[in-house]
Amino acid sequence: MEITVDDLRRHFLAAWGADTCYPDMSSEWSPENPSRDQCGMTALVVQDILGGDLILAEVHVGGVQIGHHYWNRLADGSDVDLTSDQFRPDEEVVGGKVVIRPPDAPRYHRQQYERLRGRVLQSLAATSED
């Protein structure tokens, strides 16, 4: 079964929670903005499933960097950013460069990555059984 980006989006929406976002940002997570602070873990799990490259950019407010943003670029050159809707109107994603994935799993936020990955893969497996 071939999985589409829209299919994946559905599985991630069901899997995201305060326990899968960056720990120091979990107080900002809410069901009203489920992709908030989920970009790093999400991009890694998308890469696990679809392959491609990880892209890293800066997030600015008023011209000042306040954070980073990750997404994926597939082998066909298309971008997949399942967390692009997390940003407030004053936040701007600037630039974007390919970064090398750490071998094995992320050095930081490994628990959040593994939790999100497990939920998404379990959801995908359950769907393929239907």
# chains A, B, ... in the order shown; residues from 1 in each chain; ligands from 1
>>> residues_around(residues="Ala14 (chain A)", least_positions_apart="3", cutoff="9 Å", atoms="only C-alpha atoms", output="ChimeraX atom specification")
/A:9-11,17,119-120,123
>>> write_last_selection(atoms="all heavy atoms", output="compact mmCIF listing (two decimals), in the first residue's frame")
# COMPACT_ATOMS: atom_id res chain seq x y z
N ARG A 9 -0.70 12.76 7.33
CA ARG A 9 -1.16 13.90 8.15
C ARG A 9 -2.22 13.42 9.15
O ARG A 9 -2.18 13.79 10.33
CB ARG A 9 -1.72 14.99 7.24
CG ARG A 9 -2.09 16.27 7.94
CD ARG A 9 -2.59 17.33 6.96
NE ARG A 9 -1.86 17.43 5.73
CZ ARG A 9 -0.72 18.10 5.53
NH1 ARG A 9 -0.16 18.72 6.56
NH2 ARG A 9 -0.15 18.15 4.36
N ARG A 10 -3.14 12.60 8.72
CA ARG A 10 -4.19 12.08 9.57
C ARG A 10 -3.61 11.28 10.75
O ARG A 10 -4.04 11.41 11.89
CB ARG A 10 -5.09 11.17 8.73
CG ARG A 10 -6.52 11.27 8.99
CD ARG A 10 -7.40 10.53 7.98
NE ARG A 10 -6.76 9.78 6.93
CZ ARG A 10 -6.50 8.47 6.97
NH1 ARG A 10 -6.83 7.77 8.03
NH2 ARG A 10 -5.93 7.87 5.95
N HIS A 11 -2.60 10.45 10.44
CA HIS A 11 -1.98 9.62 11.48
C HIS A 11 -1.21 10.48 12.49
O HIS A 11 -1.24 10.20 13.69
CB HIS A 11 -1.07 8.56 10.85
CG HIS A 11 -1.83 7.55 10.06
ND1 HIS A 11 -2.51 6.51 10.66
CD2 HIS A 11 -2.05 7.44 8.74
CE1 HIS A 11 -3.10 5.78 9.71
NE2 HIS A 11 -2.84 6.34 8.54
N GLY A 17 0.82 14.96 20.81
CA GLY A 17 0.33 15.33 22.12
C GLY A 17 1.40 16.13 22.85
O GLY A 17 2.51 16.31 22.34
N ARG A 119 3.53 5.53 17.89
CA ARG A 119 2.10 5.80 17.68
C ARG A 119 1.75 5.83 16.19
O ARG A 119 0.74 5.27 15.78
CB ARG A 119 1.72 7.13 18.32
CG ARG A 119 1.66 7.10 19.80
CD ARG A 119 1.30 8.47 20.34
NE ARG A 119 1.41 8.47 21.80
CZ ARG A 119 1.41 9.58 22.52
NH1 ARG A 119 1.30 10.77 21.95
NH2 ARG A 119 1.50 9.51 23.84
N VAL A 120 2.58 6.52 15.41
CA VAL A 120 2.29 6.64 13.98
C VAL A 120 2.40 5.27 13.30
O VAL A 120 1.53 4.89 12.51
CB VAL A 120 3.21 7.69 13.30
CG1 VAL A 120 3.09 7.64 11.79
CG2 VAL A 120 2.88 9.09 13.83
N SER A 123 -0.54 3.14 14.20
CA SER A 123 -1.74 3.61 13.50
C SER A 123 -1.71 3.19 12.03
O SER A 123 -2.73 2.75 11.48
CB SER A 123 -1.84 5.13 13.63
OG SER A 123 -2.95 5.62 12.97
>>> closest_atom_pairs(of="region 38-70 of chain A", to="region 87-103 of chain A", cutoff="6 Å", atoms="only C-alpha atoms", output="JSON lines")
{"residue": "A:Leu54", "atom": "CA", "partner": "A:Val98", "partner_atom": "CA", "distance": 5.7}
{"residue": "A:Ile55", "atom": "CA", "partner": "A:Val98", "partner_atom": "CA", "distance": 4.6}
{"residue": "A:Leu56", "atom": "CA", "partner": "A:Gly96", "partner_atom": "CA", "distance": 5.1}
{"residue": "A:Ala57", "atom": "CA", "partner": "A:Gly96", "partner_atom": "CA", "distance": 4.1}
{"residue": "A:Glu58", "atom": "CA", "partner": "A:Val94", "partner_atom": "CA", "distance": 5.2}
{"residue": "A:Val59", "atom": "CA", "partner": "A:Val93", "partner_atom": "CA", "distance": 4.6}
{"residue": "A:His60", "atom": "CA", "partner": "A:Glu92", "partner_atom": "CA", "distance": 5.1}
{"residue": "A:Val61", "atom": "CA", "partner": "A:Glu91", "partner_atom": "CA", "distance": 5.0}
>>> write_last_selection(atoms="N, CA and C atoms", output="PDB file, in the first residue's frame")
ATOM      1  N   LEU A  54      16.209  15.883   5.482  1.00  0.00           N
ATOM      2  CA  LEU A  54      15.721  16.773   6.530  1.00  0.00           C
ATOM      3  C   LEU A  54      16.133  18.194   6.172  1.00  0.00           C
ATOM      4  N   ILE A  55      15.215  19.123   6.315  1.00  0.00           N
ATOM      5  CA  ILE A  55      15.484  20.535   6.058  1.00  0.00           C
ATOM      6  C   ILE A  55      15.357  21.290   7.381  1.00  0.00           C
ATOM      7  N   LEU A  56      16.310  22.179   7.637  1.00  0.00           N
ATOM      8  CA  LEU A  56      16.323  22.989   8.850  1.00  0.00           C
ATOM      9  C   LEU A  56      16.326  24.459   8.464  1.00  0.00           C
ATOM     10  N   ALA A  57      15.449  25.232   9.100  1.00  0.00           N
ATOM     11  CA  ALA A  57      15.377  26.677   8.879  1.00  0.00           C
ATOM     12  C   ALA A  57      15.294  27.372  10.233  1.00  0.00           C
ATOM     13  N   GLU A  58      15.351  28.686  10.193  1.00  0.00           N
ATOM     14  CA  GLU A  58      15.196  29.489  11.400  1.00  0.00           C
ATOM     15  C   GLU A  58      13.769  30.020  11.470  1.00  0.00           C
ATOM     16  N   VAL A  59      13.314  30.280  12.695  1.00  0.00           N
ATOM     17  CA  VAL A  59      12.035  30.946  12.911  1.00  0.00           C
ATOM     18  C   VAL A  59      12.346  32.308  13.498  1.00  0.00           C
ATOM     19  N   HIS A  60      11.783  33.342  12.876  1.00  0.00           N
ATOM     20  CA  HIS A  60      12.034  34.725  13.309  1.00  0.00           C
ATOM     21  C   HIS A  60      10.727  35.394  13.719  1.00  0.00           C
ATOM     22  N   VAL A  61      10.845  36.319  14.651  1.00  0.00           N
ATOM     23  CA  VAL A  61       9.783  37.257  14.999  1.00  0.00           C
ATOM     24  C   VAL A  61      10.407  38.634  14.981  1.00  0.00           C
TER      25      VAL A  61
END
>>> residues_around(residues="Phe12 (chain A)", least_positions_apart="3", cutoff="12 Å", atoms="only C-alpha atoms", output="number ranges by chain")
A: 5-9, 15-17, 20-21, 34-35, 38-39, 41-43, 45-46, 81-83, 115-124
>>> residues_around(residues="Gly51 (chain A)", least_positions_apart="3", cutoff="10 Å", atoms="only C-alpha atoms", output="PyMOL selection string")
chain A and resi 44-48+54+72-75
>>> closest_residue(among="A:Asp85, A:Glu114, A:Glu129, A:Asp104", to="Asn33 (chain A)", atoms="only C-alpha atoms")
A:Asp85
>>> select_by_dssp(residues="chain A", states="helix (DSSP H, G or I)", output="ChimeraX atom specification")
/A:5-15,23-28,39-50,84-86,110-129
>>> closest_residue(among="A:Gly67, A:Gly52, A:Gly62, A:Gly40", to="Arg107 (chain A)", atoms="only C-alpha atoms")
A:Gly40
>>> select_by_dssp(residues="region 22-96 of chain A", states="strand (DSSP E)", output="ChimeraX atom specification")
/A:53-61,64-73,79-80,91-96
>>> atom_distance(atom1="CA of Asp76 (chain A)", atom2="CA of Thr127 (chain A)")
25.7 Å
>>> atom_distance(atom1="CA of Arg110 (chain A)", atom2="CA of Asp53 (chain A)")
19.1 Å
>>> atom_distance(atom1="CA of Met25 (chain A)", atom2="CA of His69 (chain A)")
13.7 Å
